[in-house]
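Source file: entry_22.tsv; contents: TSV, C-alpha atoms and all ligand atoms.
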```tsv
chain	number	residue	atom	x	y	z
A	1	MET	CA	2.89	10.04	3.72
A	2	LYS	CA	0.85	7.15	2.29
A	3	ILE	CA	-2.58	8.32	1.13
A	4	GLN	CA	-5.24	5.58	1.10
A	5	THR	CA	-7.65	5.38	-1.82
A	6	ASN	CA	-10.44	7.81	-1.11
A	7	PRO	CA	-13.48	7.65	-3.44
A	8	TRP	CA	-14.29	11.26	-2.51
A	9	ASP	CA	-11.43	12.36	-4.77
A	10	ASP	CA	-13.28	10.97	-7.83
A	11	ILE	CA	-16.65	12.22	-6.53
A	12	PHE	CA	-15.30	15.78	-6.33
A	13	LYS	CA	-13.60	15.41	-9.76
A	14	GLN	CA	-16.86	14.28	-11.34
A	15	ARG	CA	-19.39	16.38	-9.43
A	16	GLY	CA	-17.49	19.49	-8.38
A	17	LYS	CA	-18.23	21.03	-4.99
A	18	VAL	CA	-21.09	18.64	-3.98
A	19	PHE	CA	-21.60	20.58	-0.71
A	20	ASN	CA	-22.18	24.28	-1.34
A	21	ASN	CA	-23.65	25.79	1.82
A	22	PRO	CA	-22.30	25.40	5.36
A	23	HIS	CA	-23.99	22.91	7.70
A	24	PRO	CA	-27.12	24.54	9.20
A	25	ASP	CA	-25.52	24.50	12.70
A	26	MET	CA	-22.52	26.57	11.57
A	27	PRO	CA	-23.90	30.08	12.31
A	28	GLY	CA	-24.54	28.94	15.91
A	29	ILE	CA	-21.08	27.37	16.12
A	30	VAL	CA	-19.44	30.58	14.85
A	31	LYS	CA	-21.40	32.59	17.45
A	32	LEU	CA	-20.13	30.25	20.19
A	33	LEU	CA	-16.57	30.46	18.88
A	34	LYS	CA	-16.67	34.26	18.91
A	35	GLU	CA	-18.10	34.31	22.45
A	36	ARG	CA	-15.25	32.04	23.52
A	37	GLN	CA	-12.71	34.23	21.67
A	38	ALA	CA	-11.54	31.24	19.62
A	39	LYS	CA	-9.05	32.09	16.89
A	40	ILE	CA	-7.42	28.98	15.42
A	41	VAL	CA	-9.78	26.40	13.90
A	42	LEU	CA	-9.17	23.09	12.10
A	43	ASP	CA	-11.62	21.98	9.39
A	44	LEU	CA	-10.88	18.24	9.51
A	45	GLY	CA	-11.79	16.61	6.19
A	46	ASN	CA	-12.37	20.01	4.60
A	47	GLY	CA	-13.83	18.57	1.37
A	48	THR	CA	-14.22	21.29	-1.26
A	49	GLY	CA	-14.17	24.00	1.37
A	50	ARG	CA	-17.65	25.12	2.44
A	51	HIS	CA	-16.62	25.35	6.12
A	52	SER	CA	-13.05	26.55	5.59
A	53	VAL	CA	-14.39	29.44	3.50
A	54	TYR	CA	-17.19	30.21	5.99
A	55	LEU	CA	-14.80	30.20	8.95
A	56	ALA	CA	-12.14	32.29	7.17
A	57	LYS	CA	-14.85	34.78	6.15
A	58	ASN	CA	-15.76	35.05	9.82
A	59	GLY	CA	-12.23	36.06	10.72
A	60	PHE	CA	-10.81	32.79	12.09
A	61	THR	CA	-7.33	31.48	11.29
A	62	VAL	CA	-8.25	28.32	9.42
A	63	PHE	CA	-6.34	25.08	8.95
A	64	GLY	CA	-7.67	22.22	6.82
A	65	LEU	CA	-6.69	18.59	6.30
A	66	ASP	CA	-8.09	16.19	3.70
A	67	SER	CA	-6.77	13.07	1.98
A	68	SER	CA	-8.30	14.04	-1.38
A	69	PRO	CA	-5.94	16.14	-3.56
A	70	GLU	CA	-8.99	17.37	-5.50
A	71	ALA	CA	-10.58	18.60	-2.23
A	72	VAL	CA	-7.45	20.48	-1.16
A	73	GLN	CA	-7.16	22.08	-4.61
A	74	ALA	CA	-10.85	23.03	-4.77
A	75	THR	CA	-10.76	24.56	-1.27
A	76	GLN	CA	-7.65	26.56	-2.19
A	77	LYS	CA	-9.37	27.81	-5.35
A	78	TRP	CA	-12.57	28.81	-3.50
A	79	LEU	CA	-10.56	30.64	-0.80
A	80	SER	CA	-8.53	32.51	-3.44
A	81	GLU	CA	-11.69	33.54	-5.30
A	82	GLU	CA	-12.98	35.05	-2.04
A	83	GLY	CA	-9.63	36.73	-1.24
A	84	LEU	CA	-9.22	34.48	1.82
A	85	THR	CA	-6.42	32.21	3.06
A	86	ALA	CA	-6.11	28.99	5.05
A	87	ASP	CA	-3.31	26.54	5.84
A	88	LEU	CA	-4.38	23.42	3.93
A	89	LYS	CA	-2.66	20.05	4.09
A	90	LEU	CA	-3.06	16.85	2.12
A	91	GLY	CA	-3.06	14.12	4.76
A	92	ASN	CA	-4.72	10.99	6.05
A	93	MET	CA	-6.39	11.48	9.44
A	94	THR	CA	-6.02	7.76	10.19
A	95	GLU	CA	-2.24	8.22	10.30
A	96	GLY	CA	-2.35	10.89	13.02
A	97	LEU	CA	-2.99	14.61	12.81
A	98	PRO	CA	0.16	16.62	11.92
A	99	TYR	CA	-0.31	19.33	14.57
A	100	GLN	CA	1.15	20.03	18.03
A	101	ASP	CA	-0.66	19.22	21.27
A	102	GLY	CA	-3.20	21.89	22.25
A	103	PHE	CA	-2.69	23.90	19.05
A	104	PHE	CA	-6.36	24.52	18.17
A	105	ASP	CA	-9.13	26.55	19.81
A	106	ALA	CA	-11.66	24.49	17.85
A	107	VAL	CA	-12.05	21.52	15.51
A	108	VAL	CA	-14.94	21.32	13.04
A	109	SER	CA	-15.45	18.05	11.19
A	110	VAL	CA	-18.62	17.42	9.20
A	111	GLN	CA	-19.34	13.90	7.89
A	112	VAL	CA	-15.72	12.77	8.05
A	113	ILE	CA	-14.64	10.83	11.14
A	114	ASN	CA	-17.15	8.02	10.49
A	115	HIS	CA	-14.90	6.88	7.63
A	116	GLY	CA	-13.27	3.91	9.35
A	117	ASP	CA	-13.85	0.99	11.72
A	118	SER	CA	-14.38	1.54	15.45
A	119	ALA	CA	-10.66	1.29	16.32
A	120	THR	CA	-9.84	3.88	13.64
A	121	VAL	CA	-12.60	6.19	14.87
A	122	GLN	CA	-11.25	5.88	18.42
A	123	ARG	CA	-7.74	6.79	17.26
A	124	ILE	CA	-8.99	9.82	15.35
A	125	ALA	CA	-10.99	10.96	18.42
A	126	GLU	CA	-7.82	10.66	20.54
A	127	GLU	CA	-5.90	12.74	18.03
A	128	ILE	CA	-8.64	15.42	17.96
A	129	THR	CA	-8.54	15.51	21.77
A	130	ARG	CA	-4.74	15.86	21.72
A	131	ILE	CA	-4.60	18.82	19.32
A	132	LEU	CA	-7.35	20.84	21.07
A	133	LYS	CA	-6.61	23.25	23.91
A	134	PRO	CA	-8.36	22.58	27.23
A	135	GLY	CA	-11.74	24.32	26.88
A	136	GLY	CA	-11.44	23.98	23.07
A	137	LEU	CA	-14.64	23.47	21.11
A	138	LEU	CA	-15.47	20.43	18.99
A	139	PHE	CA	-18.24	20.33	16.41
A	140	VAL	CA	-18.44	16.95	14.74
A	141	THR	CA	-21.14	15.22	12.70
A	142	VAL	CA	-21.20	11.45	12.13
A	143	ALA	CA	-23.28	8.95	10.16
A	144	THR	CA	-26.00	6.95	11.89
A	145	VAL	CA	-27.63	5.04	9.03
A	146	LYS	CA	-26.63	3.42	5.77
A	147	ASN	CA	-27.56	5.51	2.74
A	148	GLN	CA	-26.62	5.79	-0.94
A	149	ALA	CA	-25.28	2.28	-1.59
A	150	LYS	CA	-27.58	-0.73	-2.10
A	151	THR	CA	-25.25	-3.48	-0.84
A	152	TRP	CA	-23.07	-3.30	2.24
A	153	GLU	CA	-20.57	-5.79	3.63
A	154	GLN	CA	-20.43	-5.92	7.41
A	155	ILE	CA	-16.88	-5.49	8.77
A	156	GLU	CA	-17.75	-5.55	12.50
A	157	PRO	CA	-20.78	-4.46	14.57
A	158	ASN	CA	-22.02	-1.07	13.25
A	159	THR	CA	-19.23	-0.92	10.64
A	160	TYR	CA	-19.95	-1.57	6.96
A	161	MET	CA	-18.34	-1.16	3.56
A	162	PRO	CA	-20.50	-0.22	0.54
A	163	LEU	CA	-20.05	-2.64	-2.38
A	164	ASP	CA	-21.62	-0.25	-4.89
A	165	GLY	CA	-22.43	3.42	-5.28
A	166	GLN	CA	-20.17	6.45	-5.17
A	167	GLU	CA	-18.50	5.56	-1.85
A	168	LYS	CA	-17.74	1.93	-2.90
A	169	GLY	CA	-14.95	0.49	-0.76
A	170	LEU	CA	-14.93	3.26	1.86
A	171	VAL	CA	-15.56	1.78	5.33
A	172	HIS	CA	-18.26	3.57	7.36
A	173	HIS	CA	-18.92	3.38	11.08
A	174	PHE	CA	-22.51	4.12	12.16
A	175	PHE	CA	-22.81	5.72	15.58
A	176	THR	CA	-25.32	5.68	18.40
A	177	ALA	CA	-25.51	8.86	20.49
A	178	GLU	CA	-24.11	6.96	23.48
A	179	GLU	CA	-21.12	5.74	21.51
A	180	LEU	CA	-20.36	9.20	20.15
A	181	LYS	CA	-20.31	10.59	23.71
A	182	LYS	CA	-18.12	7.69	24.84
A	183	VAL	CA	-15.59	8.19	22.04
A	184	PHE	CA	-15.31	11.85	23.14
A	185	SER	CA	-15.35	11.10	26.87
A	186	GLY	CA	-12.68	13.76	27.45
A	187	PHE	CA	-15.31	16.41	26.59
A	188	SER	CA	-18.34	18.03	28.23
A	189	VAL	CA	-21.21	17.74	25.77
A	190	THR	CA	-23.16	20.95	25.23
A	191	ASN	CA	-25.46	19.66	22.48
A	192	ILE	CA	-26.18	16.48	20.58
A	193	HIS	CA	-28.91	16.10	17.96
A	194	LEU	CA	-29.75	14.49	14.62
A	195	ASP	CA	-29.63	16.69	11.52
A	196	GLU	CA	-31.79	16.41	8.40
A	197	SER	CA	-29.30	14.02	6.74
A	198	MET	CA	-29.47	11.65	9.76
A	199	HIS	CA	-26.03	12.51	11.11
A	200	TYR	CA	-25.50	13.05	14.82
A	201	CYS	CA	-24.15	16.54	15.50
A	202	LEU	CA	-22.08	16.85	18.65
A	203	THR	CA	-20.96	20.14	20.16
A	204	ALA	CA	-18.61	19.64	23.09
A	205	LEU	CA	-15.87	21.36	25.08
A	206	LYS	CA	-12.58	19.66	25.96
A	207	LYS	CA	-12.30	19.16	29.74
A	301	LIG	C1	-18.73	13.67	3.06
A	301	LIG	S1	-17.26	14.55	2.65
A	301	LIG	C2	-17.44	15.97	3.71
A	301	LIG	C3	-16.57	17.12	3.33
A	301	LIG	C4	-16.68	18.39	4.21
A	301	LIG	N1	-16.39	18.10	5.60
A	301	LIG	C5	-18.03	19.03	4.08
A	301	LIG	O1	-18.82	18.96	5.02
A	301	LIG	O2	-18.31	19.61	3.01
A	301	LIG	C6	-16.01	13.57	3.45
A	301	LIG	C7	-14.62	14.16	3.36
A	301	LIG	O3	-13.74	13.39	4.20
A	301	LIG	C8	-12.52	13.23	3.52
A	301	LIG	N2	-11.84	12.03	4.04
A	301	LIG	C9	-12.28	10.75	4.00
A	301	LIG	N3	-11.39	9.92	4.58
A	301	LIG	C10	-10.36	10.71	5.00
A	301	LIG	C11	-9.12	10.45	5.67
A	301	LIG	N4	-8.78	9.20	6.03
A	301	LIG	N5	-8.31	11.49	5.97
A	301	LIG	C12	-8.65	12.76	5.61
A	301	LIG	N6	-9.81	13.07	4.97
A	301	LIG	C13	-10.65	12.06	4.67
A	301	LIG	C14	-12.93	13.09	2.06
A	301	LIG	O4	-11.87	13.34	1.17
A	301	LIG	C15	-14.03	14.14	1.98
A	301	LIG	O5	-13.51	15.40	1.66
```
As structure tokens, please, write out the structure in this file.
Ligand SMILES: C[S@@+](CC[C@H](N)C(=O)[O-])C[C@H]1O[C@@H](n2cnc3c(N)ncnc32)[C@H](O)[C@@H]1O
Amino acid sequence: MKIQTNPWDDIFKQRGKVFNNPHPDMPGIVKLLKERQAKIVLDLGNGTGRHSVYLAKNGFTVFGLDSSPEAVQATQKWLSEEGLTADLKLGNMTEGLPYQDGFFDAVVSVQVINHGDSATVQRIAEEITRILKPGGLLFVTVATVKNQAKTWEQIEPNTYMPLDGQEKGLVHHFFTAEELKKVFSGFSVTNIHLDESMHYCLTALKK
């Protein structure tokens, strides 16, 4: 599988974990998952593992996919240190998700699926929809505003590439709430709100 250049690999190499604590919505998401008797969860774009570890600790069967080798290695290390396991894969979400239809009870993806233009984002959303069971839960957070870099090149409406900073060269799509709901039109939205880092957080159930 061809892995595109992903600046996050260098960021994790240079800065280590970067994200240490789970997203503030995660305790609520875990409560919902337990109420719904969810078992199998994908951490899409697992990074260095804060959500994979949190979910595994809470008793879920965790799968993870990330295109950064450093991220996959760091997540594996963190899980091992905690005596936990997960099925981690190195893979590029823009090339399809390597799982069967309806395999997952839930998909969690924090600050990941906005890495691409609008057509790419649409394809990833279709893949997430495909691999979730009917009634499966989605928790996704996406960027809404440009941050970090000083200079951005516009690729298309609401899609920009940073020309400097740590994420240089990595295309970002910035969402409106309406667009996020439209991209996941196969879902019933249970909650949508902005978090402290200006990412929209969507909780939704597959119809
Ligand atoms: C901002 S970090 C978030 C990491 C993690 N979700 C968290 O919340 O700690 C973005 C992650 O998305 C991953 N990523 C970016 N593009 C990707 C792609 N095309 N396929 C898979 N993972 C990707 C990066 O390697 C990185 O781990």
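You will find CA of Met198 in chain A at 18.1 Å from atom C8 of ligand LIG 301 (chain A).
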I want to know what sits within 8 Å of Leu42 in chain A, based on all atoms listed in the file, with residues of the same chain fewer than 4 positions away left out; could you give that as an MDAnalysis selection string? chainID A and resid 62:65 104 106:108
File dump, residues just selected, C-alpha atoms, as a PDB file, keeping the file's coordinate frame:
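New file selection16.pdb:
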```
ATOM      1  CA  VAL A  62      -8.250  28.320   9.420  1.00  0.00           C
ATOM      2  CA  PHE A  63      -6.340  25.080   8.950  1.00  0.00           C
ATOM      3  CA  GLY A  64      -7.670  22.220   6.820  1.00  0.00           C
ATOM      4  CA  LEU A  65      -6.690  18.590   6.300  1.00  0.00           C
ATOM      5  CA  PHE A 104      -6.360  24.520  18.170  1.00  0.00           C
ATOM      6  CA  ALA A 106     -11.660  24.490  17.850  1.00  0.00           C
ATOM      7  CA  VAL A 107     -12.050  21.520  15.510  1.00  0.00           C
ATOM      8  CA  VAL A 108     -14.940  21.320  13.040  1.00  0.00           C
TER       9      VAL A 108
END
```
(-2.0, 9.9, 14.0) in this file's frame - what residues fall within 7 Å of it? Use all atoms listed in the file and give the answer as a ChimeraX atom specification. /A:93-97,127
Just C-alpha atoms for this one: save the residues we selected as a compact mmCIF listing (two decimals), in the frame of the given file.
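As written to disk, out-v1.txt reads:
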```txt
# COMPACT_ATOMS: atom_id res chain seq x y z
CA MET A 93 -6.39 11.48 9.44
CA THR A 94 -6.02 7.76 10.19
CA GLU A 95 -2.24 8.22 10.30
CA GLY A 96 -2.35 10.89 13.02
CA LEU A 97 -2.99 14.61 12.81
CA GLU A 127 -5.90 12.74 18.03
```
Skip range 109-113 of chain A itself and residues of its chain fewer than 5 positions away, then list as number ranges by chain all residues within 9 Å of it, counting all atoms listed in the file. A: 23, 42-46, 51, 93, 120-121, 124-125, 138-143, 172-173, 199, 201
Residues within 8 Å of Gln76 in chain A, please, as a short mmCIF file (atom, residue, chain, number, x, y, z; two decimals) with C-alpha atoms, in the coordinates of the input. Count only C-alpha atoms; anything in the same chain fewer than 3 positions from it doesn't count.
```cif
data_model
loop_
_atom_site.label_atom_id
_atom_site.label_comp_id
_atom_site.auth_asym_id
_atom_site.auth_seq_id
_atom_site.Cartn_x
_atom_site.Cartn_y
_atom_site.Cartn_z
CA GLY A 49 -14.17 24.00 1.37
CA VAL A 72 -7.45 20.48 -1.16
CA GLN A 73 -7.16 22.08 -4.61
CA LEU A 79 -10.56 30.64 -0.80
CA SER A 80 -8.53 32.51 -3.44
CA THR A 85 -6.42 32.21 3.06
CA ALA A 86 -6.11 28.99 5.05
CA LEU A 88 -4.38 23.42 3.93
#
```
Might I get the box with edges along x, y and z of the file that holds all atoms of range 89-106 of chain A listed there, padded by 3 Å on every side, given as centre and edge lengths in Å to one decimal, as AutoDock Vina command-line options?
```
--center_x -5.3 --center_y 17.2 --center_z 12.2 --size_x 18.8 --size_y 24.8 --size_z 26.1
```
With distances taken over only C-alpha atoms, which residue among A:Lys77, A:Thr144, A:Arg130, A:Ile40 lies nearest Asp195 in chain A? A:Thr144
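With only C-alpha atoms and all ligand atoms as the atoms that count, the residue of A:Ser68, A:Asn21, A:Gln100, A:Thr61 with the shortest distance to ligand LIG 301 (chain A) is A:Ser68.
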What's around Pro157 in chain A at 12 Å? Count all atoms listed in the file, leave out sequence neighbours fewer than 2 positions away in its own chain, and write the answer as a list in words. Asp117, Ser118, Ala119, Glu153, Gln154, Ile155, Thr159, Tyr160, Met161, His172, His173, Phe174, Phe175 and Thr176 of chain A
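Among the candidates A:Gly83, A:Gly116, A:Gly59, A:Gly135, the one nearest to ligand LIG 301 (chain A) when counting only C-alpha atoms and all ligand atoms is A:Gly116.
As for atom O4 of ligand LIG 301 (chain A) and CA of His115 in chain A, they are spaced 9.6 Å apart.
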Find, counting all atoms listed in the file, the residue in A:Pro7, A:Pro24, A:Pro162, A:Gly186 that gets nearest to ligand LIG 301 (chain A). A:Pro7
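Of the residues under consideration (A:Tyr99, A:Phe12, A:Phe19, A:Phe60), A:Phe19 shows the shortest atom-to-atom contact distance to ligand LIG 301 (chain A) when counting only C-alpha atoms and all ligand atoms.
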Nearest residue to ligand LIG 301 (chain A) out of A:Gly16, A:Gly169, A:Gly28, A:Gly91, using all atoms listed in the file? A:Gly91
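Residues within 8 Å of Ile192 in chain A, counting all atoms listed in the file and excluding same-chain residues fewer than 2 positions away, are Ala177, Val189, Thr190, Leu194, Tyr200, Cys201, Leu202 and Thr203 of chain A.
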Using CA of Gly165 in chain A and CA of Trp152 in chain A as the two end points, give the distance in Å to one decimal. 10.1 Å
Using all atoms listed in the file, list the residues that have an atom at most 7 Å from (-16.8, 35.0, 13.9), coordinates as in the file, as a ChimeraX atom specification. /A:30-31,33-34,58-60
